[in-house]
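Chemist: data_16.cif is reproduced below (mmCIF, C-alpha atoms and all ligand atoms).
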```cif
data_work
#
loop_
_atom_site.label_atom_id
_atom_site.label_comp_id
_atom_site.auth_asym_id
_atom_site.auth_seq_id
_atom_site.Cartn_x
_atom_site.Cartn_y
_atom_site.Cartn_z
CA MET V 792 -158.69 43.60 -206.07
CA SER V 793 -155.34 43.97 -204.36
CA LEU V 794 -154.47 46.17 -201.41
CA LYS V 795 -150.91 46.72 -200.25
CA ILE V 796 -150.19 48.91 -197.25
CA SER V 797 -146.52 49.57 -196.55
CA GLY V 798 -144.91 51.44 -193.68
CA LEU V 799 -148.11 53.33 -192.85
CA THR V 800 -147.70 55.75 -189.98
CA LYS V 801 -150.35 58.22 -188.86
CA LYS V 802 -149.89 60.73 -186.05
CA PHE V 803 -152.31 63.08 -184.34
CA GLY V 804 -149.93 65.70 -182.95
CA GLU V 805 -147.56 63.82 -180.67
CA GLN V 806 -149.78 60.74 -180.61
CA VAL V 807 -148.78 57.93 -182.96
CA ALA V 808 -152.11 56.31 -183.88
CA LEU V 809 -150.63 53.92 -186.47
CA ASN V 810 -147.02 52.85 -186.38
CA ASP V 811 -145.43 51.20 -189.43
CA ILE V 812 -148.43 49.17 -190.59
CA ASN V 813 -147.88 46.59 -193.33
CA ILE V 814 -150.80 44.61 -194.79
CA THR V 815 -151.26 42.77 -198.07
CA ILE V 816 -154.67 41.60 -199.25
CA ALA V 817 -154.82 39.75 -202.53
CA ASN V 818 -157.98 37.65 -202.38
CA ASN V 819 -161.67 38.16 -201.90
CA GLU V 820 -162.06 37.46 -198.21
CA ILE V 821 -163.69 38.86 -195.10
CA ILE V 822 -161.05 40.21 -192.74
CA GLY V 823 -161.73 41.01 -189.11
CA LEU V 824 -159.87 44.02 -187.75
CA LEU V 825 -159.58 43.60 -184.01
CA GLY V 826 -158.04 45.61 -181.22
CA PRO V 827 -158.86 47.25 -177.90
CA ASN V 828 -160.40 50.74 -177.75
CA GLY V 829 -158.03 53.29 -179.19
CA ALA V 830 -155.89 50.66 -180.95
CA GLY V 831 -156.07 52.46 -184.29
CA LYS V 832 -158.74 50.48 -186.18
CA SER V 833 -160.86 53.44 -187.27
CA THR V 834 -157.75 55.44 -188.13
CA LEU V 835 -156.57 52.60 -190.38
CA MET V 836 -159.95 52.37 -192.08
CA LYS V 837 -160.12 56.11 -192.62
CA SER V 838 -156.57 56.07 -193.99
CA ILE V 839 -157.44 53.39 -196.56
CA THR V 840 -160.57 55.23 -197.66
CA GLY V 841 -158.67 58.50 -198.01
CA VAL V 842 -160.71 60.28 -195.31
CA LEU V 843 -157.43 60.84 -193.41
CA LYS V 844 -154.11 61.85 -194.90
CA ILE V 845 -151.30 59.57 -193.79
CA ASP V 846 -147.92 60.83 -192.58
CA GLU V 847 -145.63 58.07 -193.83
CA GLY V 848 -145.80 55.00 -196.03
CA GLU V 849 -148.11 54.21 -198.91
CA ILE V 850 -151.42 52.51 -199.64
CA LEU V 851 -151.70 50.85 -203.03
CA LEU V 852 -155.08 49.77 -204.33
CA ASP V 853 -154.72 47.68 -207.48
CA GLU V 854 -151.10 48.86 -207.52
CA LYS V 855 -152.05 52.55 -207.57
CA ASN V 856 -151.35 54.96 -204.74
CA VAL V 857 -154.70 55.94 -203.21
CA SER V 858 -153.57 59.45 -202.26
CA GLU V 859 -152.49 60.13 -205.85
CA ASN V 860 -155.59 58.56 -207.40
CA GLU V 861 -158.32 59.70 -205.04
CA ILE V 862 -161.33 59.60 -207.36
CA GLU V 863 -160.38 56.30 -208.97
CA SER V 864 -159.75 54.76 -205.53
CA LYS V 865 -163.04 56.01 -204.08
CA LYS V 866 -164.90 54.33 -206.93
CA LYS V 867 -163.44 51.02 -205.80
CA ILE V 868 -164.06 51.44 -202.07
CA GLY V 869 -167.31 51.37 -200.11
CA PHE V 870 -167.22 52.71 -196.56
CA LEU V 871 -169.59 52.41 -193.64
CA PRO V 872 -168.08 54.69 -190.97
CA GLU V 873 -168.57 54.18 -187.26
CA ASN V 874 -171.89 55.70 -186.11
CA ASN V 875 -173.27 55.50 -189.65
CA PRO V 876 -173.87 59.13 -190.59
CA LEU V 877 -177.16 59.47 -192.50
CA TYR V 878 -179.52 62.27 -193.52
CA ASN V 879 -182.39 61.65 -191.09
CA GLU V 880 -184.79 64.00 -192.85
CA MET V 881 -184.56 62.15 -196.15
CA TYR V 882 -186.62 59.15 -197.21
CA VAL V 883 -184.77 55.85 -197.69
CA LYS V 884 -185.14 55.61 -201.43
CA GLU V 885 -184.66 59.35 -201.91
CA TYR V 886 -181.38 59.19 -199.96
CA LEU V 887 -180.08 56.18 -201.88
CA GLN V 888 -181.08 57.83 -205.15
CA PHE V 889 -179.15 60.92 -204.03
CA VAL V 890 -176.03 58.80 -203.35
CA ALA V 891 -176.51 57.01 -206.67
CA ASN V 892 -176.61 60.36 -208.48
CA LEU V 893 -173.31 61.35 -206.85
CA HIS V 894 -171.76 58.21 -208.32
CA ASN V 895 -173.58 58.51 -211.64
CA ILE V 896 -175.32 55.18 -211.11
CA LYS V 897 -178.44 54.01 -212.93
CA LYS V 898 -181.80 54.03 -211.09
CA GLU V 899 -182.24 50.26 -211.40
CA ARG V 900 -179.22 49.67 -209.18
CA VAL V 901 -180.95 51.52 -206.31
CA GLU V 902 -183.86 49.05 -206.37
CA GLN V 903 -181.44 46.14 -206.65
CA VAL V 904 -179.50 47.24 -203.54
CA ILE V 905 -182.69 47.99 -201.60
CA ASP V 906 -183.68 44.40 -202.27
CA LEU V 907 -180.22 43.00 -201.44
CA VAL V 908 -180.03 44.60 -197.99
CA GLY V 909 -183.69 43.75 -197.28
CA ILE V 910 -185.22 47.20 -196.89
CA THR V 911 -187.93 47.00 -199.57
CA PRO V 912 -190.78 47.44 -197.03
CA GLU V 913 -188.99 50.47 -195.53
CA LYS V 914 -187.99 52.24 -198.72
CA SER V 915 -190.70 54.90 -198.51
CA LYS V 916 -190.05 55.71 -194.86
CA LYS V 917 -188.14 58.64 -193.48
CA ILE V 918 -184.67 57.55 -192.28
CA SER V 919 -185.40 59.04 -188.84
CA GLN V 920 -188.33 56.60 -188.46
CA LEU V 921 -186.21 53.50 -188.97
CA SER V 922 -184.93 51.21 -186.23
CA LYS V 923 -181.16 51.13 -185.69
CA GLY V 924 -180.87 47.84 -187.59
CA TYR V 925 -182.64 49.24 -190.62
CA LYS V 926 -180.57 52.42 -190.47
CA GLN V 927 -177.51 50.18 -190.53
CA ARG V 928 -178.88 48.45 -193.63
CA VAL V 929 -179.31 51.84 -195.30
CA GLY V 930 -175.68 52.59 -194.39
CA LEU V 931 -174.62 49.31 -195.94
CA ALA V 932 -176.72 50.05 -199.01
CA GLN V 933 -174.98 53.40 -199.60
CA ALA V 934 -171.61 51.68 -199.17
CA ILE V 935 -172.29 49.04 -201.85
CA LEU V 936 -174.35 51.06 -204.34
CA HIS V 937 -171.41 51.74 -206.65
CA GLU V 938 -170.35 48.07 -206.56
CA PRO V 939 -166.99 48.63 -204.87
CA ASP V 940 -164.38 45.87 -204.89
CA LEU V 941 -163.36 46.67 -201.33
CA LEU V 942 -165.88 47.21 -198.57
CA ILE V 943 -164.76 48.76 -195.29
CA LEU V 944 -167.17 48.49 -192.36
CA ASP V 945 -166.42 50.12 -189.02
CA GLU V 946 -168.25 48.19 -186.29
CA PRO V 947 -171.22 47.40 -188.56
CA THR V 948 -173.31 45.62 -185.91
CA ASN V 949 -172.54 47.91 -182.97
CA GLY V 950 -175.64 48.64 -180.91
CA LEU V 951 -177.97 46.25 -182.73
CA ASP V 952 -180.22 43.67 -181.08
CA PRO V 953 -179.39 39.96 -181.54
CA ASN V 954 -181.85 39.49 -184.41
CA GLN V 955 -180.60 42.54 -186.24
CA ILE V 956 -177.01 41.38 -185.71
CA VAL V 957 -177.73 38.06 -187.39
CA GLU V 958 -179.53 39.79 -190.25
CA ILE V 959 -176.74 42.28 -190.91
CA ARG V 960 -174.15 39.50 -190.69
CA ASN V 961 -176.05 37.55 -193.32
CA VAL V 962 -176.01 40.57 -195.60
CA ILE V 963 -172.25 41.00 -195.07
CA LYS V 964 -171.67 37.30 -195.70
CA GLU V 965 -173.58 37.53 -198.95
CA ILE V 966 -171.55 40.56 -200.07
CA GLY V 967 -168.30 38.88 -198.95
CA LYS V 968 -168.77 36.08 -201.47
CA GLU V 969 -167.75 38.42 -204.26
CA LYS V 970 -165.92 41.30 -202.58
CA THR V 971 -163.14 41.93 -200.13
CA VAL V 972 -164.55 43.09 -196.82
CA ILE V 973 -162.57 44.59 -193.94
CA LEU V 974 -164.68 44.97 -190.81
CA SER V 975 -163.81 46.09 -187.33
CA THR V 976 -165.58 44.59 -184.37
CA HIS V 977 -165.29 43.91 -180.66
CA ILE V 978 -167.52 40.85 -180.94
CA MET V 979 -165.52 37.65 -181.24
CA GLN V 980 -168.58 35.64 -182.29
CA GLU V 981 -168.84 37.97 -185.24
CA VAL V 982 -165.26 37.22 -186.22
CA GLU V 983 -165.95 33.51 -185.91
CA ALA V 984 -169.17 33.78 -187.94
CA LEU V 985 -167.81 35.92 -190.75
CA CYS V 986 -164.05 36.18 -191.06
CA SER V 987 -161.42 33.98 -192.61
CA ARG V 988 -158.54 36.19 -191.50
CA VAL V 989 -157.85 38.29 -188.44
CA ILE V 990 -155.67 41.38 -188.13
CA LEU V 991 -155.08 42.41 -184.54
CA ILE V 992 -153.93 45.96 -183.83
CA HIS V 993 -152.71 47.14 -180.48
CA GLN V 994 -151.31 50.59 -179.72
CA GLY V 995 -151.03 51.37 -183.41
CA LYS V 996 -149.08 48.24 -184.33
CA ILE V 997 -150.07 44.93 -185.89
CA LEU V 998 -149.67 42.14 -183.35
CA GLN V 999 -151.20 39.35 -185.43
CA ASP V 1000 -152.19 38.86 -189.06
CA SER V 1001 -153.28 35.30 -189.62
CA PRO V 1002 -156.04 32.89 -190.58
CA ILE V 1003 -158.61 32.65 -187.81
CA SER V 1004 -157.53 29.12 -186.82
CA GLU V 1005 -153.94 30.25 -186.31
CA PHE V 1006 -155.09 33.28 -184.33
CA LYS V 1007 -157.02 31.03 -181.99
CA GLY V 1008 -154.03 28.69 -181.77
CA LYS V 1009 -153.81 26.91 -178.47
CA PHE V 1010 -156.52 28.99 -176.81
CA GLU V 1011 -160.01 27.74 -176.00
CA SER V 1012 -161.71 30.75 -177.55
CA LEU V 1013 -161.00 33.86 -179.58
CA GLU V 1014 -161.69 35.96 -176.46
CA GLU V 1015 -158.87 34.19 -174.65
CA ALA V 1016 -156.54 34.63 -177.61
CA PHE V 1017 -157.46 38.33 -177.83
CA GLN V 1018 -156.78 38.83 -174.12
CA SER V 1019 -153.48 37.04 -174.18
CA TYR V 1020 -152.21 39.26 -176.98
CA THR V 1021 -153.49 42.57 -175.72
CA VAL V 1022 -153.34 42.56 -171.90
N1 LIG G 1 -159.09 63.12 -185.00
C1 LIG G 1 -158.29 62.73 -184.02
N2 LIG G 1 -157.56 63.62 -183.32
C2 LIG G 1 -156.73 63.24 -182.31
N3 LIG G 1 -156.55 61.96 -181.93
C3 LIG G 1 -157.26 61.03 -182.60
C4 LIG G 1 -158.16 61.36 -183.65
N4 LIG G 1 -158.71 60.21 -184.13
C5 LIG G 1 -158.18 59.21 -183.38
N5 LIG G 1 -157.31 59.69 -182.47
C6 LIG G 1 -156.52 58.91 -181.51
O1 LIG G 1 -155.86 57.87 -182.22
C7 LIG G 1 -155.90 56.66 -181.47
C8 LIG G 1 -156.56 55.57 -182.30
O2 LIG G 1 -157.95 55.88 -182.41
P1 LIG G 1 -158.96 55.02 -183.27
O3 LIG G 1 -160.27 55.74 -183.27
O4 LIG G 1 -158.36 54.70 -184.58
O5 LIG G 1 -159.06 53.68 -182.40
P2 LIG G 1 -160.04 52.44 -182.54
O6 LIG G 1 -159.18 51.22 -182.54
O7 LIG G 1 -160.94 52.63 -183.71
O8 LIG G 1 -160.85 52.52 -181.18
P3 LIG G 1 -162.37 52.08 -180.78
O9 LIG G 1 -162.37 50.58 -180.67
O10 LIG G 1 -162.53 52.74 -179.46
O11 LIG G 1 -163.28 52.61 -181.85
C9 LIG G 1 -156.65 56.97 -180.17
O12 LIG G 1 -155.70 57.21 -179.16
C10 LIG G 1 -157.42 58.21 -180.51
O13 LIG G 1 -157.62 59.02 -179.36
#
```
Could you render the structure from this file as structure tokens?
Ligand SMILES: Nc1ncnc2c1ncn2[C@@H]1O[C@H](COP(=O)(O)OP(=O)(O)OP(=O)(O)O)[C@@H](O)[C@H]1O
Modeler:
Amino acid sequence: MSLKISGLTKKFGEQVALNDINITIANNEIIGLLGPNGAGKSTLMKSITGVLKIDEGEILLDEKNVSENEIESKKKIGFLPENNPLYNEMYVKEYLQFVANLHNIKKERVEQVIDLVGITPEKSKKISQLSKGYKQRVGLAQAILHEPDLLILDEPTNGLDPNQIVEIRNVIKEIGKEKTVILSTHIMQEVEALCSRVILIHQGKILQDSPISEFKGKFESLEEAFQSYTV
């Protein structure tokens, strides 16, 4: 998988949400997308997944422009949006089967993913009955069902309790062994636990794109580094 973003600019009216973003990803790695509220993280993720149309620049996935190859690109990308939209009235397995049908995926894969994200005991429950952590697992399951090469996760552990956070991180770590994962988070421990590379966005621009050790640099902690760049 290769992803090359060049000169990406996205505006909402007068507001420039992303300003001349350039990113190259060539390896399977877990990348932490950091930045204060309103920095442009979700906008970047939605731009890559094709949910938002960009104003300037281009996004190449495996050397093909995502806006000109929408269906092909979507096959290669899995997306867990912020606030994990799910159909609450559906049952877990029924919902995942529904998503699998949209992608033309065999039934066996649904069971495989249910097992991978650890929701086998919950698979016959209604989504509305699940705890937030299990809902998040269902969101992850729908994102990986079609075996995407690139997984984009917008604040995947937001609002979870400490146990659920660890569990979801383990699932992401497992997936990250074979896929490229871009995840946004405000939790520096998460970055430390999962990511090899950090991209820091502030006011729509990239301030830092480096291995985690370089990002930390002379600072005692990632929090300190984050503050020094963004205050
Ligand atoms: N649909 C939209 N219409 C108008 N402005 C938008 C829209 N989506 C995002 N914005 C603006 O673009 C900027 C970047 O927002 P974005 O949601 O990408 O930030 P973020 O880094 O994901 O923030 P957070 O950490 O709070 O989730 C913000 O100023 C936001 O208000």
Chemist: Got a sec to check which residues lie within 7 Å of ligand LIG 1 (chain G), using all atoms listed in the file, and send them as a ChimeraX atom specification?
Modeler: /V:803,806,808,826-835
Chemist: For a quick check of your reading of the model, name the residues lying within 7 Å of the coordinate (-144.6, 49.9, -194.6), counting all atoms listed in the file, and write them as a PyMOL selection string.
Modeler: chain V and resi 796-799+811-813+848
Chemist: Taking C-alpha atoms for each residue, export the selection above as a PDB file, in the coordinates of the input.
Modeler:
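The result, written out as again.pdb:
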```
ATOM      1  CA  ILE V 796    -150.190  48.910-197.250  1.00  0.00           C
ATOM      2  CA  SER V 797    -146.520  49.570-196.550  1.00  0.00           C
ATOM      3  CA  GLY V 798    -144.910  51.440-193.680  1.00  0.00           C
ATOM      4  CA  LEU V 799    -148.110  53.330-192.850  1.00  0.00           C
ATOM      5  CA  ASP V 811    -145.430  51.200-189.430  1.00  0.00           C
ATOM      6  CA  ILE V 812    -148.430  49.170-190.590  1.00  0.00           C
ATOM      7  CA  ASN V 813    -147.880  46.590-193.330  1.00  0.00           C
ATOM      8  CA  GLY V 848    -145.800  55.000-196.030  1.00  0.00           C
TER       9      GLY V 848
END
```
Chemist: Taking into account all atoms listed in the file, which residue in the set V:Val962, V:Leu825, V:Ile956, V:Ala984 is nearest to V:Gln1018?
Modeler: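 For V:Gln1018, the nearest of the given residues is V:Leu825.
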Chemist: Rank V:Ile990, V:Val842, V:Ile935, V:Leu944 by their smallest atom-to-atom distance to V:Val904, using only C-alpha atoms, and report the top residue only.
Modeler: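 Distance minimum relative to V:Val904 lands on V:Ile935.
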Chemist: Could you check which of V:Glu847, V:Asp952, V:Glu983, V:Asp940 is closest to V:Thr971, using all atoms listed in the file?
Modeler: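 Among V:Glu847, V:Asp952, V:Glu983, V:Asp940, it is V:Asp940 that comes nearest to V:Thr971.
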Chemist: Could you jot down the atom CA of V:Phe889 to atom CA of V:Asn874 separation for me, Å, one decimal place?
Modeler: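 Atom CA of V:Asn874 lies 20.0 Å from atom CA of V:Phe889.
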Chemist: Please, what distance in Å, to one decimal, runs between atom CA of V:Glu965 and atom CA of V:His977?
Modeler: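 Between atom CA of V:Glu965 and atom CA of V:His977 the gap works out to 21.1 Å.
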Chemist: Rounded to one decimal place, report the atom CA of V:Asn895-atom CA of V:Leu942 distance in Å.
Modeler: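 Computing the Euclidean distance for atom CA of V:Asn895 and atom CA of V:Leu942 yields 18.9 Å.
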Chemist: With a distance cut-off of 12 Å and only C-alpha atoms, select the neighbouring residues of V:Gly930, excluding the residue or stretch itself and same-chain residues fewer than 4 positions from it, and output the selection as a ChimeraX atom specification.
Modeler: /V:869-879,883,886-887,890,904-905,908,910,918,921,923-926,934-936,942-948,959
Chemist: Hey, what's within 12 Å of V:Asn892 if we count all atoms listed in the file and toss same-chain stuff fewer than 6 positions away? As a PDB file with C-alpha atoms, in the frame of the given file, please?
Modeler:
```pdb
ATOM      1  CA  GLU V 885    -184.660  59.350-201.910  1.00  0.00           C
ATOM      2  CA  TYR V 886    -181.380  59.190-199.960  1.00  0.00           C
ATOM      3  CA  LYS V 898    -181.800  54.030-211.090  1.00  0.00           C
ATOM      4  CA  GLU V 899    -182.240  50.260-211.400  1.00  0.00           C
ATOM      5  CA  ARG V 900    -179.220  49.670-209.180  1.00  0.00           C
ATOM      6  CA  VAL V 901    -180.950  51.520-206.310  1.00  0.00           C
ATOM      7  CA  GLN V 933    -174.980  53.400-199.600  1.00  0.00           C
ATOM      8  CA  LEU V 936    -174.350  51.060-204.340  1.00  0.00           C
ATOM      9  CA  HIS V 937    -171.410  51.740-206.650  1.00  0.00           C
TER      10      HIS V 937
END
```
Chemist: Looking at all atoms listed in the file, which of V:Asn810, V:Thr911, V:Ser1004, V:Ser975 is the one that sits closest to V:Ser987?
Modeler: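 The shortest atom-to-atom distance to V:Ser987 comes from V:Ser1004.
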Chemist: Hey, can I get the axis-aligned box for stretch 899-916 of chain V? All listed atoms, 8 Å padding on each side, centre and edge lengths in Å to one decimal, as AutoDock Vina command-line options.
Modeler:
```
--center_x -185.0 --center_y 49.4 --center_z -203.1 --size_x 27.6 --size_y 28.7 --size_z 32.5
```
Chemist: Within 6 Å of V:Lys801, counting only C-alpha atoms, which residues qualify if same-chain residues fewer than 6 places away don't, as a list in words?
Modeler: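 The contact residues come out as Ala808, Leu809, Ile845 and Asp846 of chain V.
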Chemist: For those residues, write C-alpha atoms to a file as a PDB file, in the frame of the given file.
Modeler:
```
ATOM      1  CA  ALA V 808    -152.110  56.310-183.880  1.00  0.00           C
ATOM      2  CA  LEU V 809    -150.630  53.920-186.470  1.00  0.00           C
ATOM      3  CA  ILE V 845    -151.300  59.570-193.790  1.00  0.00           C
ATOM      4  CA  ASP V 846    -147.920  60.830-192.580  1.00  0.00           C
TER       5      ASP V 846
END
```
Chemist: Check the smallest atom-to-atom distance from each of V:Asn954, V:Asn819, V:Ser793, V:Ser838 to V:Gly967 using all atoms listed in the file, then report the winner.
Modeler: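 Of all the options, V:Asn819 lies closest to V:Gly967.
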Chemist: Calculated over all atoms listed in the file, which of the candidates V:Glu1014, V:Ile816, V:Lys970, V:Leu824 has the smallest distance to V:Gln999?
Modeler: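 Counting all atoms listed in the file, the residue closest to V:Gln999 is V:Leu824.
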Chemist: At a cut-off of 12 Å, using all atoms listed in the file, what residues contact V:Gly1008? Leave out same-chain residues fewer than 6 positions from it and give the result as a PyMOL selection string.
Modeler: chain V and resi 999+1001-1002+1014-1017+1019-1020
